[in-house]
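Enquirer: There's a structure below that I have some questions on.
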Amino acid sequence: SALTLAATAFAGAAMADPTKCDDGEIVMKFSHVTNTDKHPKGIAANLFMERVNAEMDGTACVEVYPNSTLYNDDQVLEAMLQGDVQFAAPSLSKFETFTKVFRIFDLPFMFKNMDAVEAFQNSPTGEAMKDAMVRRGLQGLEFWHNGLKQFSANKPLLMPEDAAGLKFRVQPSDVLVAQMEALNASPQPMAFSEVYGALQTGVVDGQENSWSNIYGQKFFEVQDGITETNHGLLDYMVVASVDWLDSLDPAVRDQVLTILAEVTDERNAAVAEVDNAARQAILDAGGVIRELTDEQRQAWVDAMKPVWSQFEADVGADNIAAAQEINA
Ligand code: LMR
């Protein structure tokens, strides 16, 4: 009957909803803090969800919670160790209390572009970093790219002196704190979800982030402009708890991790496109982007690069040398 057909169509639609888990499926919550539109992490997490939910239907499913709706980055790793969330992809700057090996990625002007980042991460040194937190209960699974960082503030930033005396929101990373101090600015660690409000009300004057985050959080609306410095890296590690991974049936675990690896390859390869689209979207929305002359850019390098020596012991002079070799 028409009624049965309609009911069947409805049930079919409900089952096909990629954001909903069915009874009996292993539910894997993926919590993150960014938006999903024109955002490398948002897009990758949703693709992972869609593929798991289609290809593992009846066995396992992913639920994505974006925009800090479930946890902030300073809560999510503890929640993961408690078993309350199964996947997260915090930026590499957010793992300070678990490991210091990611500090190399925060050092200003360490990588000249995303190809250099990719090559370093795929090297034996980069691969080994996935296991750096195992003793603390976290397994690094994949590096996910976002892009290079830019500075923005409530006044034009063309020379490093323009940042002096200003308050900048930073992620909770000692390297980023030292970087802002090298500019004679005042670093203010703060959760991502609070940055827009802090810029709007003048609690901080500026911030640093990738194009997709400046676009997604609309920081450009409450800043004088953005300076295209490309001075640092915003990149992620997808993590899960060692105990939870061990508790999975091996065939289920293999399938989930294979899908994750394929999603990683696909989305990391597309990251430049997403980055450019976010940059263009800022311009289209009336945001101001200032480009630097070679001389101006060199002045930022000269002001910030001395930070490397402060962290050489944590990061390893050999790792810095390896990263620089890839840049050459
Ligand atoms: C930030 O806090 O600025 C970023 O780590 C947010 C993100 O996940 O991209």
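Going by the structure tokens order, chains are called A, B, ..., each with residues numbered from 1, while ligands are numbered from 1 in the order shown.
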Hey, which residues sit close to ligand 1? Say within 9 Å, counting only C-alpha atoms and all ligand atoms, and write them as a ChimeraX atom specification.
Expert: /A:32-35,39-41,73,89-94,146,169-172,190-193,195,207-210,212-213,234-236
Enquirer: I need the chosen residues saved as a PDB file, in the first residue's frame, with C-alpha atoms.
Expert:
```pdb
ATOM      1  CA  HIS A  32      36.149  18.848  17.760  1.00  0.00           C
ATOM      2  CA  VAL A  33      36.092  22.611  18.081  1.00  0.00           C
ATOM      3  CA  THR A  34      35.891  24.054  14.558  1.00  0.00           C
ATOM      4  CA  ASN A  35      33.113  24.683  12.098  1.00  0.00           C
ATOM      5  CA  HIS A  39      37.328  23.904   7.086  1.00  0.00           C
ATOM      6  CA  PRO A  40      39.882  21.092   6.610  1.00  0.00           C
ATOM      7  CA  LYS A  41      39.098  19.406   9.935  1.00  0.00           C
ATOM      8  CA  ASP A  73      40.275  21.111  23.635  1.00  0.00           C
ATOM      9  CA  ALA A  89      41.830  15.921  16.486  1.00  0.00           C
ATOM     10  CA  PRO A  90      43.251  18.736  18.609  1.00  0.00           C
ATOM     11  CA  SER A  91      45.897  20.954  17.102  1.00  0.00           C
ATOM     12  CA  LEU A  92      49.468  19.898  17.809  1.00  0.00           C
ATOM     13  CA  SER A  93      49.771  22.885  20.160  1.00  0.00           C
ATOM     14  CA  LYS A  94      47.198  21.362  22.515  1.00  0.00           C
ATOM     15  CA  ASN A 146      44.964  22.745   8.344  1.00  0.00           C
ATOM     16  CA  ARG A 169      45.267  35.108  22.207  1.00  0.00           C
ATOM     17  CA  VAL A 170      47.426  31.996  21.825  1.00  0.00           C
ATOM     18  CA  GLN A 171      46.778  28.294  22.132  1.00  0.00           C
ATOM     19  CA  PRO A 172      48.115  26.821  25.391  1.00  0.00           C
ATOM     20  CA  MET A 190      42.419  30.914  25.837  1.00  0.00           C
ATOM     21  CA  ALA A 191      39.991  28.289  24.508  1.00  0.00           C
ATOM     22  CA  PHE A 192      39.137  28.561  20.822  1.00  0.00           C
ATOM     23  CA  SER A 193      35.432  29.044  21.489  1.00  0.00           C
ATOM     24  CA  VAL A 195      38.340  34.000  21.021  1.00  0.00           C
ATOM     25  CA  GLN A 207      45.267  36.453  17.506  1.00  0.00           C
ATOM     26  CA  GLU A 208      47.012  34.043  15.142  1.00  0.00           C
ATOM     27  CA  ASN A 209      45.275  31.349  13.166  1.00  0.00           C
ATOM     28  CA  SER A 210      44.795  29.676   9.793  1.00  0.00           C
ATOM     29  CA  SER A 212      39.868  28.535   7.691  1.00  0.00           C
ATOM     30  CA  ASN A 213      39.694  29.369  11.404  1.00  0.00           C
ATOM     31  CA  LEU A 234      48.269  24.823  12.490  1.00  0.00           C
ATOM     32  CA  ASP A 235      48.081  21.066  12.177  1.00  0.00           C
ATOM     33  CA  TYR A 236      46.293  18.263  13.986  1.00  0.00           C
TER      34      TYR A 236
END
```
Enquirer: Please list as a list in words every residue within 10 Å of Glu325 (chain A), counting only C-alpha atoms and excluding residues in the same chain fewer than 5 positions away.
Expert: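 In the requested form, the answer reads Ala116, Phe120, Asn319 and Ile320 of chain A.
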Enquirer: Which one of A:Val175, A:Val252, A:Leu141, A:Ile259 sits closest to Gly58 (chain A) if you count only C-alpha atoms?
Expert: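 Ranked by minimum distance to Gly58 (chain A), first place goes to A:Val252.
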Enquirer: Closest to Gly232 (chain A) among A:Leu176, A:Ala269, A:Ala299, A:Leu47, using only C-alpha atoms?
Expert: A:Leu176
Enquirer: Which is closest to Gln82 (chain A) among A:Glu63, A:Glu295, A:Asp243, A:Asp265, if we use only C-alpha atoms?
Expert: A:Asp243
Enquirer: Would you list the contacts of Asp84 (chain A) as an mmCIF file with C-alpha atoms, in the first residue's frame, taking every protein, DNA or RNA residue within 12 Å and counting only C-alpha atoms, but skipping same-chain residues closer than 3 positions in sequence?
Expert:
```
data_model
loop_
_atom_site.group_PDB
_atom_site.id
_atom_site.type_symbol
_atom_site.label_atom_id
_atom_site.label_comp_id
_atom_site.auth_asym_id
_atom_site.auth_seq_id
_atom_site.Cartn_x
_atom_site.Cartn_y
_atom_site.Cartn_z
ATOM 1 C CA VAL A 27 29.056 4.393 18.815
ATOM 2 C CA MET A 28 32.236 6.399 18.256
ATOM 3 C CA LYS A 29 31.952 10.033 19.254
ATOM 4 C CA PHE A 30 34.272 12.440 17.446
ATOM 5 C CA SER A 31 34.526 15.769 19.241
ATOM 6 C CA LEU A 70 30.747 18.476 23.368
ATOM 7 C CA TYR A 71 34.176 19.477 24.721
ATOM 8 C CA GLN A 75 38.778 18.865 28.290
ATOM 9 C CA VAL A 76 38.635 16.451 25.405
ATOM 10 C CA LEU A 77 41.776 14.394 26.078
ATOM 11 C CA GLU A 78 40.821 13.714 29.692
ATOM 12 C CA ALA A 79 37.299 12.820 28.518
ATOM 13 C CA MET A 80 38.878 10.419 26.045
ATOM 14 C CA LEU A 81 40.868 8.700 28.780
ATOM 15 C CA PHE A 87 38.067 10.421 18.561
ATOM 16 C CA ALA A 88 39.418 13.950 18.627
ATOM 17 C CA ALA A 240 42.087 7.698 20.345
ATOM 18 C CA SER A 241 42.624 6.015 23.679
ATOM 19 C CA TRP A 244 39.528 1.760 23.776
#
```
Enquirer: Taking 6 positions as the minimum chain separation for residues in the same chain, which residues sit within 7 Å of Lys167 (chain A) when counting only C-alpha atoms? Answer as a PyMOL selection string.
Expert: chain A and resi 185-188+204-206
Enquirer: What residues in region 197-245 of chain A get the DSSP label strand (DSSP E or B)? Please answer as a ChimeraX atom specification.
Expert: /A:206-210,225-241
Enquirer: Would you write out those residues with N, CA and C atoms, as a PDB file, in the first residue's frame?
Expert:
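Saved to out-v5.pdb:
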```pdb
ATOM      1  N   GLY A 206      44.474  40.865  19.462  1.00  0.00           N
ATOM      2  CA  GLY A 206      44.756  40.131  18.245  1.00  0.00           C
ATOM      3  C   GLY A 206      44.853  38.642  18.489  1.00  0.00           C
ATOM      4  N   GLN A 207      45.170  37.910  17.406  1.00  0.00           N
ATOM      5  CA  GLN A 207      45.267  36.453  17.506  1.00  0.00           C
ATOM      6  C   GLN A 207      46.052  35.953  16.306  1.00  0.00           C
ATOM      7  N   GLU A 208      46.377  34.676  16.306  1.00  0.00           N
ATOM      8  CA  GLU A 208      47.012  34.043  15.142  1.00  0.00           C
ATOM      9  C   GLU A 208      46.226  32.788  14.826  1.00  0.00           C
ATOM     10  N   ASN A 209      45.949  32.588  13.540  1.00  0.00           N
ATOM     11  CA  ASN A 209      45.275  31.349  13.166  1.00  0.00           C
ATOM     12  C   ASN A 209      45.332  31.160  11.655  1.00  0.00           C
ATOM     13  N   SER A 210      44.822  30.005  11.223  1.00  0.00           N
ATOM     14  CA  SER A 210      44.795  29.676   9.793  1.00  0.00           C
ATOM     15  C   SER A 210      43.627  30.410   9.137  1.00  0.00           C
ATOM     16  N   GLY A 225      42.356  43.960  10.508  1.00  0.00           N
ATOM     17  CA  GLY A 225      42.736  43.220   9.314  1.00  0.00           C
ATOM     18  C   GLY A 225      43.621  42.041   9.660  1.00  0.00           C
ATOM     19  N   ILE A 226      43.956  41.281   8.634  1.00  0.00           N
ATOM     20  CA  ILE A 226      44.801  40.097   8.795  1.00  0.00           C
ATOM     21  C   ILE A 226      46.063  40.326   7.971  1.00  0.00           C
ATOM     22  N   THR A 227      47.205  40.007   8.548  1.00  0.00           N
ATOM     23  CA  THR A 227      48.472  40.144   7.836  1.00  0.00           C
ATOM     24  C   THR A 227      48.940  38.756   7.417  1.00  0.00           C
ATOM     25  N   GLU A 228      49.238  38.630   6.128  1.00  0.00           N
ATOM     26  CA  GLU A 228      49.599  37.312   5.582  1.00  0.00           C
ATOM     27  C   GLU A 228      51.060  37.018   5.899  1.00  0.00           C
ATOM     28  N   THR A 229      51.282  36.521   7.109  1.00  0.00           N
ATOM     29  CA  THR A 229      52.647  36.261   7.571  1.00  0.00           C
ATOM     30  C   THR A 229      53.094  34.823   7.296  1.00  0.00           C
ATOM     31  N   ASN A 230      52.142  33.893   7.247  1.00  0.00           N
ATOM     32  CA  ASN A 230      52.487  32.458   7.120  1.00  0.00           C
ATOM     33  C   ASN A 230      53.600  32.081   8.099  1.00  0.00           C
ATOM     34  N   HIS A 231      53.506  32.556   9.318  1.00  0.00           N
ATOM     35  CA  HIS A 231      54.654  32.446  10.241  1.00  0.00           C
ATOM     36  C   HIS A 231      54.684  31.151  11.037  1.00  0.00           C
ATOM     37  N   GLY A 232      53.608  30.436  11.045  1.00  0.00           N
ATOM     38  CA  GLY A 232      53.590  29.205  11.843  1.00  0.00           C
ATOM     39  C   GLY A 232      52.636  28.203  11.235  1.00  0.00           C
ATOM     40  N   LEU A 233      52.489  27.097  11.922  1.00  0.00           N
ATOM     41  CA  LEU A 233      51.698  25.983  11.385  1.00  0.00           C
ATOM     42  C   LEU A 233      50.538  25.664  12.311  1.00  0.00           C
ATOM     43  N   LEU A 234      49.368  25.407  11.724  1.00  0.00           N
ATOM     44  CA  LEU A 234      48.269  24.823  12.490  1.00  0.00           C
ATOM     45  C   LEU A 234      47.965  23.453  11.893  1.00  0.00           C
ATOM     46  N   ASP A 235      48.273  22.431  12.653  1.00  0.00           N
ATOM     47  CA  ASP A 235      48.081  21.066  12.177  1.00  0.00           C
ATOM     48  C   ASP A 235      47.540  20.223  13.321  1.00  0.00           C
ATOM     49  N   TYR A 236      47.007  19.062  12.991  1.00  0.00           N
ATOM     50  CA  TYR A 236      46.293  18.263  13.986  1.00  0.00           C
ATOM     51  C   TYR A 236      46.847  16.849  14.101  1.00  0.00           C
ATOM     52  N   MET A 237      46.568  16.226  15.259  1.00  0.00           N
ATOM     53  CA  MET A 237      46.779  14.790  15.397  1.00  0.00           C
ATOM     54  C   MET A 237      45.432  14.168  15.770  1.00  0.00           C
ATOM     55  N   VAL A 238      44.978  13.226  14.946  1.00  0.00           N
ATOM     56  CA  VAL A 238      43.791  12.451  15.312  1.00  0.00           C
ATOM     57  C   VAL A 238      44.236  11.426  16.350  1.00  0.00           C
ATOM     58  N   VAL A 239      43.559  11.416  17.493  1.00  0.00           N
ATOM     59  CA  VAL A 239      43.948  10.505  18.574  1.00  0.00           C
ATOM     60  C   VAL A 239      42.752   9.683  19.058  1.00  0.00           C
ATOM     61  N   ALA A 240      43.082   8.544  19.669  1.00  0.00           N
ATOM     62  CA  ALA A 240      42.087   7.698  20.345  1.00  0.00           C
ATOM     63  C   ALA A 240      42.771   7.113  21.573  1.00  0.00           C
ATOM     64  N   SER A 241      41.991   6.593  22.494  1.00  0.00           N
ATOM     65  CA  SER A 241      42.624   6.015  23.679  1.00  0.00           C
ATOM     66  C   SER A 241      43.149   4.612  23.382  1.00  0.00           C
TER      67      SER A 241
END
```
Enquirer: Please, which residues of region 29-243 of chain A, numbered as in this document, come out helix (DSSP H, G or I) from DSSP, as a PyMOL selection string?
Expert: chain A and resi 40-55+73-81+92-94+103-106+114-122+124-129+134-136+160-163+174-182+192-201+211-216+219-222+242-243
Enquirer: For a test of reading the model, state the distance in Å between CA of Gly42 (chain A) and CA of Gly24 (chain A), rounded to one decimal.
Expert: 26.6 Å
Enquirer: Calculated over only C-alpha atoms, which of the candidates A:Met133, A:Asp174, A:Ala270, A:Gly197 has the smallest distance to Glu221 (chain A)?
Expert: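 The closest residue to Glu221 (chain A) is A:Gly197.
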Enquirer: With a distance cut-off of 8 Å and only C-alpha atoms, select the neighbouring residues of Met129 (chain A), excluding the residue or stretch itself and same-chain residues fewer than 5 positions from it, and output the selection as a ChimeraX atom specification.
Expert: /A:101-102,140
